[in-house]
file data.txt (compact mmCIF, N, CA and C atoms)
# COMPACT_ATOMS: atom_id res chain seq x y z
N MET X 1 105.84 41.27 33.27
CA MET X 1 105.25 42.13 32.28
C MET X 1 104.46 41.29 31.26
N LEU X 2 105.07 40.19 30.82
CA LEU X 2 104.39 39.33 29.86
C LEU X 2 103.12 38.73 30.47
N GLU X 3 103.20 38.35 31.73
CA GLU X 3 102.04 37.76 32.40
C GLU X 3 100.90 38.78 32.48
N ASP X 4 101.22 40.03 32.80
CA ASP X 4 100.20 41.09 32.83
C ASP X 4 99.55 41.25 31.46
N PHE X 5 100.36 41.20 30.41
CA PHE X 5 99.85 41.32 29.05
C PHE X 5 98.90 40.16 28.75
N LYS X 6 99.30 38.94 29.11
CA LYS X 6 98.48 37.77 28.84
C LYS X 6 97.16 37.80 29.61
N GLN X 7 97.13 38.47 30.75
CA GLN X 7 95.92 38.55 31.56
C GLN X 7 95.02 39.73 31.18
N HIS X 8 95.47 40.56 30.27
CA HIS X 8 94.65 41.71 29.86
C HIS X 8 93.34 41.20 29.25
N PRO X 9 92.21 41.85 29.60
CA PRO X 9 90.91 41.38 29.11
C PRO X 9 90.80 41.27 27.59
N ALA X 10 91.52 42.08 26.86
CA ALA X 10 91.46 42.01 25.40
C ALA X 10 92.31 40.86 24.85
N ILE X 11 93.29 40.41 25.61
CA ILE X 11 94.21 39.37 25.15
C ILE X 11 93.82 37.98 25.66
N ARG X 12 93.40 37.90 26.91
CA ARG X 12 93.10 36.60 27.54
C ARG X 12 92.22 35.71 26.67
N PRO X 13 91.09 36.21 26.12
CA PRO X 13 90.24 35.32 25.30
C PRO X 13 90.94 34.82 24.03
N LEU X 14 91.87 35.60 23.53
CA LEU X 14 92.55 35.21 22.29
C LEU X 14 93.52 34.05 22.50
N ILE X 15 94.05 33.92 23.71
CA ILE X 15 95.05 32.88 23.96
C ILE X 15 94.54 31.78 24.88
N SER X 16 93.30 31.89 25.30
CA SER X 16 92.72 30.90 26.20
C SER X 16 92.79 29.51 25.56
N GLY X 17 93.29 28.55 26.31
CA GLY X 17 93.39 27.18 25.82
C GLY X 17 94.63 26.93 24.98
N GLY X 18 95.38 27.98 24.70
CA GLY X 18 96.60 27.83 23.91
C GLY X 18 97.71 27.19 24.72
N LYS X 19 98.69 26.63 24.03
CA LYS X 19 99.81 25.97 24.68
C LYS X 19 101.10 26.68 24.28
N LEU X 20 101.88 27.09 25.28
CA LEU X 20 103.16 27.73 25.03
C LEU X 20 104.14 26.69 24.52
N LEU X 21 104.65 26.90 23.32
CA LEU X 21 105.59 25.95 22.74
C LEU X 21 107.04 26.37 22.95
N GLU X 22 107.26 27.67 22.95
CA GLU X 22 108.63 28.16 23.09
C GLU X 22 108.60 29.59 23.59
N TYR X 23 109.57 29.94 24.39
CA TYR X 23 109.70 31.31 24.88
C TYR X 23 111.17 31.67 24.87
N SER X 24 111.46 32.85 24.39
CA SER X 24 112.84 33.30 24.35
C SER X 24 112.89 34.80 24.53
N ALA X 25 113.83 35.26 25.31
CA ALA X 25 114.03 36.70 25.49
C ALA X 25 115.45 36.92 25.98
N HIS X 26 115.94 38.10 25.74
CA HIS X 26 117.25 38.46 26.26
C HIS X 26 117.36 39.97 26.37
N MET X 27 118.35 40.41 27.10
CA MET X 27 118.57 41.84 27.26
C MET X 27 119.03 42.43 25.93
N VAL X 28 118.65 43.67 25.70
CA VAL X 28 119.03 44.36 24.47
C VAL X 28 120.21 45.28 24.77
N PRO X 29 121.31 45.15 24.04
CA PRO X 29 122.44 46.04 24.28
C PRO X 29 122.11 47.45 23.83
N GLU X 30 122.40 48.43 24.67
CA GLU X 30 122.08 49.82 24.32
C GLU X 30 123.27 50.74 24.43
N GLY X 31 124.48 50.20 24.38
CA GLY X 31 125.67 51.02 24.55
C GLY X 31 126.12 51.74 23.29
N GLY X 32 125.48 51.44 22.16
CA GLY X 32 125.84 52.11 20.92
C GLY X 32 127.21 51.70 20.41
N LEU X 33 127.79 52.58 19.64
CA LEU X 33 129.07 52.31 18.98
C LEU X 33 130.17 51.98 19.97
N ALA X 34 130.12 52.58 21.16
CA ALA X 34 131.17 52.37 22.16
C ALA X 34 131.25 50.92 22.64
N MET X 35 130.16 50.16 22.50
CA MET X 35 130.20 48.79 23.00
C MET X 35 130.42 47.75 21.90
N VAL X 36 130.63 48.19 20.67
CA VAL X 36 130.87 47.24 19.59
C VAL X 36 132.26 46.63 19.79
N PRO X 37 132.33 45.29 19.89
CA PRO X 37 133.62 44.63 20.15
C PRO X 37 134.43 44.46 18.87
N GLN X 38 135.57 43.80 19.00
CA GLN X 38 136.32 43.39 17.82
C GLN X 38 135.41 42.43 17.05
N LEU X 39 135.17 42.72 15.79
CA LEU X 39 134.14 42.00 15.04
C LEU X 39 134.64 40.75 14.33
N VAL X 40 135.94 40.66 14.07
CA VAL X 40 136.46 39.49 13.35
C VAL X 40 137.71 38.95 14.03
N ASN X 41 137.90 37.67 13.85
CA ASN X 41 139.13 36.99 14.24
C ASN X 41 139.25 35.78 13.33
N ASP X 42 140.27 35.01 13.48
CA ASP X 42 140.43 33.84 12.62
C ASP X 42 139.20 32.94 12.73
N GLY X 43 138.48 32.79 11.61
CA GLY X 43 137.35 31.87 11.55
C GLY X 43 136.07 32.33 12.20
N VAL X 44 135.98 33.59 12.63
CA VAL X 44 134.77 34.04 13.32
C VAL X 44 134.44 35.50 13.00
N MET X 45 133.14 35.76 12.90
CA MET X 45 132.62 37.13 12.77
C MET X 45 131.49 37.27 13.78
N ILE X 46 131.38 38.43 14.39
CA ILE X 46 130.29 38.67 15.35
C ILE X 46 129.23 39.50 14.64
N VAL X 47 127.98 39.07 14.75
CA VAL X 47 126.88 39.62 13.96
C VAL X 47 125.72 40.02 14.86
N GLY X 48 124.92 40.98 14.42
CA GLY X 48 123.66 41.33 15.09
C GLY X 48 123.85 41.93 16.47
N ASP X 49 122.93 41.61 17.39
CA ASP X 49 123.01 42.23 18.72
C ASP X 49 124.19 41.68 19.52
N ALA X 50 124.72 40.52 19.13
CA ALA X 50 125.94 40.02 19.78
C ALA X 50 127.10 40.98 19.52
N ALA X 51 127.03 41.69 18.40
CA ALA X 51 128.04 42.68 18.05
C ALA X 51 127.68 44.06 18.60
N GLY X 52 126.57 44.16 19.30
CA GLY X 52 126.15 45.46 19.85
C GLY X 52 125.42 46.32 18.85
N PHE X 53 124.98 45.73 17.74
CA PHE X 53 124.28 46.50 16.71
C PHE X 53 122.83 46.71 17.11
N CYS X 54 122.61 47.65 17.98
CA CYS X 54 121.29 47.98 18.49
C CYS X 54 121.28 49.47 18.81
N LEU X 55 120.21 50.15 18.45
CA LEU X 55 120.11 51.59 18.69
C LEU X 55 118.82 51.91 19.42
N ASN X 56 118.93 52.45 20.62
CA ASN X 56 117.76 52.95 21.34
C ASN X 56 117.59 54.41 20.94
N LEU X 57 116.59 54.69 20.13
CA LEU X 57 116.36 56.05 19.65
C LEU X 57 115.40 56.82 20.54
N GLY X 58 114.98 56.23 21.63
CA GLY X 58 114.07 56.92 22.55
C GLY X 58 112.62 56.60 22.26
N PHE X 59 112.25 56.61 21.01
CA PHE X 59 110.87 56.30 20.63
C PHE X 59 110.76 54.89 20.07
N THR X 60 111.88 54.29 19.72
CA THR X 60 111.91 52.91 19.25
C THR X 60 113.31 52.36 19.47
N VAL X 61 113.41 51.05 19.54
CA VAL X 61 114.71 50.40 19.63
C VAL X 61 114.93 49.65 18.33
N ARG X 62 115.97 50.03 17.62
CA ARG X 62 116.30 49.38 16.35
C ARG X 62 117.30 48.27 16.61
N GLY X 63 117.10 47.16 15.99
CA GLY X 63 118.04 46.06 16.12
C GLY X 63 117.85 45.03 15.03
N MET X 64 116.60 44.71 14.72
CA MET X 64 116.33 43.68 13.73
C MET X 64 116.91 44.07 12.37
N ASP X 65 116.72 45.33 11.96
CA ASP X 65 117.24 45.77 10.67
C ASP X 65 118.76 45.72 10.64
N LEU X 66 119.39 46.10 11.76
CA LEU X 66 120.85 46.08 11.83
C LEU X 66 121.37 44.64 11.86
N ALA X 67 120.63 43.75 12.51
CA ALA X 67 121.01 42.33 12.54
C ALA X 67 120.96 41.74 11.13
N ILE X 68 119.90 42.05 10.40
CA ILE X 68 119.76 41.52 9.04
C ILE X 68 120.86 42.06 8.14
N ALA X 69 121.10 43.37 8.22
CA ALA X 69 122.14 43.98 7.38
C ALA X 69 123.52 43.43 7.73
N SER X 70 123.79 43.22 9.02
CA SER X 70 125.09 42.66 9.40
C SER X 70 125.21 41.20 8.96
N ALA X 71 124.11 40.47 8.99
CA ALA X 71 124.12 39.08 8.50
C ALA X 71 124.38 39.03 7.00
N GLN X 72 123.81 39.99 6.26
CA GLN X 72 124.08 40.06 4.82
C GLN X 72 125.55 40.34 4.55
N ALA X 73 126.12 41.27 5.33
CA ALA X 73 127.54 41.59 5.19
C ALA X 73 128.40 40.37 5.52
N ALA X 74 128.01 39.65 6.56
CA ALA X 74 128.75 38.44 6.95
C ALA X 74 128.64 37.37 5.86
N ALA X 75 127.46 37.21 5.29
CA ALA X 75 127.26 36.20 4.24
C ALA X 75 128.11 36.53 3.01
N THR X 76 128.12 37.79 2.61
CA THR X 76 128.95 38.21 1.48
C THR X 76 130.42 37.91 1.76
N THR X 77 130.84 38.18 2.98
CA THR X 77 132.23 37.95 3.38
C THR X 77 132.56 36.46 3.38
N VAL X 78 131.65 35.63 3.89
CA VAL X 78 131.89 34.18 3.93
C VAL X 78 132.00 33.62 2.52
N ILE X 79 131.14 34.07 1.62
CA ILE X 79 131.20 33.59 0.23
C ILE X 79 132.56 33.90 -0.38
N ALA X 80 133.02 35.14 -0.18
CA ALA X 80 134.32 35.54 -0.73
C ALA X 80 135.46 34.76 -0.05
N ALA X 81 135.36 34.57 1.26
CA ALA X 81 136.40 33.84 1.99
C ALA X 81 136.46 32.38 1.55
N LYS X 82 135.30 31.80 1.28
CA LYS X 82 135.26 30.40 0.82
C LYS X 82 135.90 30.27 -0.55
N GLU X 83 135.63 31.24 -1.43
CA GLU X 83 136.25 31.22 -2.76
C GLU X 83 137.77 31.31 -2.66
N ARG X 84 138.27 32.05 -1.67
CA ARG X 84 139.71 32.20 -1.46
C ARG X 84 140.28 31.07 -0.59
N ALA X 85 139.39 30.28 0.02
CA ALA X 85 139.79 29.25 0.99
C ALA X 85 140.63 29.88 2.09
N ASP X 86 140.21 31.05 2.53
CA ASP X 86 140.96 31.80 3.54
C ASP X 86 139.98 32.41 4.54
N PHE X 87 139.96 31.86 5.74
CA PHE X 87 139.07 32.36 6.78
C PHE X 87 139.87 33.02 7.91
N SER X 88 141.02 33.56 7.55
CA SER X 88 141.85 34.27 8.53
C SER X 88 141.19 35.61 8.88
N ALA X 89 141.65 36.20 9.97
CA ALA X 89 141.12 37.50 10.39
C ALA X 89 141.32 38.54 9.30
N SER X 90 142.45 38.49 8.61
CA SER X 90 142.69 39.49 7.56
C SER X 90 141.73 39.29 6.39
N SER X 91 141.40 38.05 6.07
CA SER X 91 140.43 37.78 5.01
C SER X 91 139.03 38.21 5.44
N LEU X 92 138.67 37.91 6.69
CA LEU X 92 137.34 38.25 7.19
C LEU X 92 137.19 39.74 7.50
N ALA X 93 138.27 40.50 7.42
CA ALA X 93 138.19 41.95 7.61
C ALA X 93 137.29 42.60 6.56
N GLN X 94 137.04 41.88 5.48
CA GLN X 94 136.08 42.37 4.48
C GLN X 94 134.73 42.66 5.14
N TYR X 95 134.38 41.88 6.15
CA TYR X 95 133.11 42.07 6.88
C TYR X 95 133.01 43.49 7.42
N LYS X 96 134.10 43.99 8.01
CA LYS X 96 134.08 45.36 8.54
C LYS X 96 133.89 46.37 7.42
N ARG X 97 134.54 46.14 6.29
CA ARG X 97 134.37 47.06 5.15
C ARG X 97 132.93 47.02 4.63
N GLU X 98 132.36 45.82 4.58
CA GLU X 98 130.95 45.68 4.16
C GLU X 98 130.04 46.45 5.12
N LEU X 99 130.30 46.32 6.42
CA LEU X 99 129.48 47.02 7.42
C LEU X 99 129.59 48.53 7.26
N GLU X 100 130.80 49.01 6.99
CA GLU X 100 131.01 50.46 6.85
C GLU X 100 130.28 51.02 5.64
N GLN X 101 130.08 50.20 4.62
CA GLN X 101 129.36 50.64 3.43
C GLN X 101 127.85 50.48 3.57
N SER X 102 127.41 49.79 4.61
CA SER X 102 125.98 49.55 4.81
C SER X 102 125.41 50.54 5.81
N CYS X 103 124.13 50.41 6.06
CA CYS X 103 123.47 51.26 7.05
C CYS X 103 123.96 50.98 8.47
N VAL X 104 124.54 49.82 8.69
CA VAL X 104 124.90 49.43 10.06
C VAL X 104 125.86 50.42 10.69
N MET X 105 127.06 50.52 10.15
CA MET X 105 128.06 51.40 10.77
C MET X 105 127.75 52.87 10.51
N ARG X 106 127.12 53.18 9.40
CA ARG X 106 126.74 54.59 9.18
C ARG X 106 125.76 55.04 10.25
N ASP X 107 124.75 54.22 10.56
CA ASP X 107 123.78 54.59 11.59
C ASP X 107 124.39 54.53 12.98
N MET X 108 125.21 53.52 13.24
CA MET X 108 125.87 53.43 14.55
C MET X 108 126.73 54.67 14.78
N GLN X 109 127.43 55.12 13.74
CA GLN X 109 128.26 56.32 13.85
C GLN X 109 127.38 57.56 14.01
N HIS X 110 126.33 57.65 13.21
CA HIS X 110 125.44 58.82 13.25
C HIS X 110 124.82 59.01 14.64
N PHE X 111 124.43 57.92 15.26
CA PHE X 111 123.75 57.98 16.57
C PHE X 111 124.69 57.65 17.73
N ARG X 112 126.00 57.80 17.56
CA ARG X 112 126.98 57.38 18.56
C ARG X 112 126.83 58.10 19.90
N LYS X 113 126.30 59.34 19.91
CA LYS X 113 126.17 60.09 21.16
C LYS X 113 124.83 59.86 21.85
N LEU X 114 123.95 59.13 21.21
CA LEU X 114 122.61 58.92 21.76
C LEU X 114 122.59 58.17 23.09
N PRO X 115 123.41 57.14 23.30
CA PRO X 115 123.34 56.45 24.61
C PRO X 115 123.56 57.40 25.78
N ALA X 116 124.48 58.34 25.67
CA ALA X 116 124.71 59.30 26.76
C ALA X 116 123.51 60.22 26.93
N LEU X 117 122.91 60.63 25.83
CA LEU X 117 121.72 61.49 25.89
C LEU X 117 120.58 60.77 26.60
N MET X 118 120.43 59.47 26.33
CA MET X 118 119.33 58.71 26.93
C MET X 118 119.47 58.57 28.44
N GLU X 119 120.65 58.86 28.97
CA GLU X 119 120.86 58.81 30.42
C GLU X 119 120.34 60.06 31.12
N ASN X 120 119.96 61.08 30.37
CA ASN X 120 119.45 62.32 30.95
C ASN X 120 118.06 62.07 31.53
N PRO X 121 117.88 62.14 32.85
CA PRO X 121 116.58 61.84 33.45
C PRO X 121 115.48 62.81 33.03
N ARG X 122 115.84 64.02 32.64
CA ARG X 122 114.83 65.00 32.21
C ARG X 122 114.14 64.57 30.92
N LEU X 123 114.83 63.77 30.11
CA LEU X 123 114.30 63.35 28.82
C LEU X 123 112.98 62.60 28.96
N PHE X 124 112.80 61.89 30.07
CA PHE X 124 111.60 61.09 30.26
C PHE X 124 110.72 61.60 31.39
N SER X 125 111.03 62.78 31.92
CA SER X 125 110.22 63.33 33.01
C SER X 125 109.84 64.78 32.71
N GLN X 126 110.78 65.68 32.85
CA GLN X 126 110.47 67.10 32.69
C GLN X 126 110.05 67.45 31.26
N TYR X 127 110.80 66.99 30.27
CA TYR X 127 110.51 67.39 28.90
C TYR X 127 109.13 66.91 28.42
N PRO X 128 108.75 65.66 28.64
CA PRO X 128 107.40 65.26 28.23
C PRO X 128 106.31 66.04 28.95
N ARG X 129 106.51 66.31 30.26
CA ARG X 129 105.52 67.11 30.99
C ARG X 129 105.42 68.51 30.41
N MET X 130 106.56 69.10 30.07
CA MET X 130 106.58 70.44 29.50
C MET X 130 105.82 70.47 28.17
N VAL X 131 106.07 69.50 27.31
CA VAL X 131 105.37 69.43 26.02
C VAL X 131 103.88 69.23 26.24
N ALA X 132 103.50 68.35 27.16
CA ALA X 132 102.08 68.12 27.45
C ALA X 132 101.42 69.38 27.98
N ASP X 133 102.11 70.11 28.85
CA ASP X 133 101.56 71.37 29.38
C ASP X 133 101.37 72.40 28.27
N ILE X 134 102.34 72.50 27.38
CA ILE X 134 102.23 73.45 26.26
C ILE X 134 101.04 73.07 25.38
N MET X 135 100.92 71.79 25.04
CA MET X 135 99.80 71.34 24.20
C MET X 135 98.47 71.59 24.90
N ASN X 136 98.42 71.32 26.19
CA ASN X 136 97.20 71.56 26.95
C ASN X 136 96.82 73.04 26.90
N ASP X 137 97.80 73.91 27.13
CA ASP X 137 97.53 75.35 27.08
C ASP X 137 97.10 75.81 25.69
N MET X 138 97.68 75.23 24.67
CA MET X 138 97.36 75.65 23.30
C MET X 138 95.98 75.17 22.83
N PHE X 139 95.56 73.99 23.28
CA PHE X 139 94.37 73.39 22.71
C PHE X 139 93.18 73.26 23.65
N THR X 140 93.29 73.76 24.88
CA THR X 140 92.17 73.71 25.80
C THR X 140 91.20 74.83 25.46
N ILE X 141 89.93 74.46 25.33
CA ILE X 141 88.87 75.44 25.09
C ILE X 141 87.99 75.43 26.34
N ASP X 142 88.06 76.52 27.09
CA ASP X 142 87.32 76.57 28.35
C ASP X 142 86.42 77.81 28.45
N GLY X 143 86.20 78.48 27.32
CA GLY X 143 85.33 79.65 27.33
C GLY X 143 86.05 80.94 27.68
N LYS X 144 87.28 80.87 28.13
CA LYS X 144 88.05 82.06 28.45
C LYS X 144 88.87 82.46 27.23
N PRO X 145 89.15 83.75 27.10
CA PRO X 145 89.98 84.18 25.96
C PRO X 145 91.37 83.54 26.04
N ASN X 146 91.89 83.16 24.89
CA ASN X 146 93.24 82.59 24.86
C ASN X 146 94.27 83.63 25.24
N GLN X 147 95.28 83.18 25.95
CA GLN X 147 96.40 84.04 26.30
C GLN X 147 97.48 83.86 25.22
N PRO X 148 98.18 84.94 24.90
CA PRO X 148 99.26 84.78 23.91
C PRO X 148 100.32 83.81 24.43
N VAL X 149 100.93 83.06 23.52
CA VAL X 149 101.95 82.10 23.90
C VAL X 149 103.17 82.84 24.44
N ARG X 150 103.48 84.00 23.85
CA ARG X 150 104.58 84.81 24.38
C ARG X 150 104.12 86.24 24.48
N LYS X 151 104.79 86.99 25.30
CA LYS X 151 104.39 88.39 25.53
C LYS X 151 105.23 89.33 24.73

call {"tool": "encode", "arguments": {"input": "data.txt", "output": "structure tokens"}}
result
Amino acid sequence: MLEDFKQHPAIRPLISGGKLLEYSAHMVPEGGLAMVPQLVNDGVMIVGDAAGFCLNLGFTVRGMDLAIASAQAAATTVIAAKERADFSASSLAQYKRELEQSCVMRDMQHFRKLPALMENPRLFSQYPRMVADIMNDMFTIDGKPNQPVRK
């Protein structure tokens, strides 16, 4: 896919002669709240997409904002844990409380049923065709009288 993009006539001249310095990619977790693991243990917190903080909303995939917000929650937790000199799982449990007060867990909870919905094959086949057909019928001007949308 990337190679096709690089060979596109509008892109090729922009990168011609350029040198690739680094490339990185990975799979995006899309399991929603159901795939969020245990987030803390003694001396460790799981943050960002490693924690499953990613939301496929159908029209966009959110992850960067959730990664940043979870990193902020982790940083706040680390600062407090350092002041207490306590990095035990019970001390780092503050991270989970921080997440629950942030957009991370509120949004993960709000969209918890979305992964199952995204498995519906009609969502990307029948429904878009139906909407396109309706729009076509509503906005086509062909010299014939318009038909009522409903009878």

call {"tool": "closest_residue", "arguments": {"input": "data.txt", "among": "X:Leu39, X:Leu57, X:Gly52, X:Gly18", "to": "Glu119 in chain X", "atoms": "only C-alpha atoms"}}
result
X:Leu57

call {"tool": "closest_atom_pairs", "arguments": {"input": "data.txt", "of": "range 54-131 of chain X", "to": "range 27-32 of chain X", "cutoff": "8 Å", "atoms": "only N, CA and C atoms", "output": "tab-separated table"}}
result
residue	atom	partner	partner_atom	distance
X:Cys54	CA	X:Pro29	C	5.4
X:Leu55	N	X:Glu30	CA	6.2
X:Asn56	N	X:Glu30	CA	5.5
X:Met108	CA	X:Gly32	C	6.3
X:Gln109	N	X:Gly32	C	7.5
X:Phe111	C	X:Gly32	CA	6.5
X:Arg112	CA	X:Gly32	CA	5.9
X:Lys113	N	X:Gly32	CA	7.3
X:Leu114	C	X:Gly32	CA	7.2
X:Pro115	CA	X:Gly31	C	5.6
X:Ala116	N	X:Gly31	C	7.2

call {"tool": "closest_residue", "arguments": {"input": "data.txt", "among": "X:Asp42, X:Val47, X:Pro145, X:Ser125", "to": "Ala81 in chain X", "atoms": "only C-alpha atoms"}}
result
X:Asp42

call {"tool": "atom_distance", "arguments": {"input": "data.txt", "atom1": "CA of Gln72 in chain X", "atom2": "CA of Arg84 in chain X"}}
result
18.6 Å

call {"tool": "closest_residue", "arguments": {"input": "data.txt", "among": "X:Leu2, X:Ala71, X:Val78, X:Met135", "to": "Ser91 in chain X", "atoms": "all atoms listed in the file"}}
result
X:Val78

call {"tool": "atom_distance", "arguments": {"input": "data.txt", "atom1": "CA of Ala73 in chain X", "atom2": "CA of Glu98 in chain X"}}
result
5.4 Å

call {"tool": "residues_around", "arguments": {"input": "data.txt", "residues": "Asn41 in chain X", "least_positions_apart": "4", "cutoff": "8 Å", "atoms": "only C-alpha atoms", "output": "ChimeraX atom specification"}}
result
/X:45,88-90,92

call {"tool": "atom_distance", "arguments": {"input": "data.txt", "atom1": "CA of His110 in chain X", "atom2": "CA of Phe124 in chain X"}}
result
22.0 Å

call {"tool": "closest_residue", "arguments": {"input": "data.txt", "among": "X:Arg129, X:Lys6, X:Gly58, X:Leu66", "to": "Met105 in chain X", "atoms": "all atoms listed in the file"}}
result
X:Leu66

call {"tool": "residues_around", "arguments": {"input": "data.txt", "residues": "Ala50 in chain X", "least_positions_apart": "5", "cutoff": "8 Å", "atoms": "all atoms listed in the file", "output": "list in words"}}
result
Pro29, Met35, Val36, Pro37 and Ala67 of chain X

call {"tool": "select_by_dssp", "arguments": {"input": "data.txt", "residues": "chain X", "states": "helix (DSSP H, G or I)", "output": "ChimeraX atom specification"}}
result
/X:2-7,12-15,32-35,48-51,64-84,89-92,94-101,103-110,114-118,121-124,126-139

call {"tool": "residues_around", "arguments": {"input": "data.txt", "residues": "Arg150 in chain X", "least_positions_apart": "4", "cutoff": "12 Å", "atoms": "only C-alpha atoms", "output": "NGL selection string"}}
result
:X and (134 or 138 or 146)
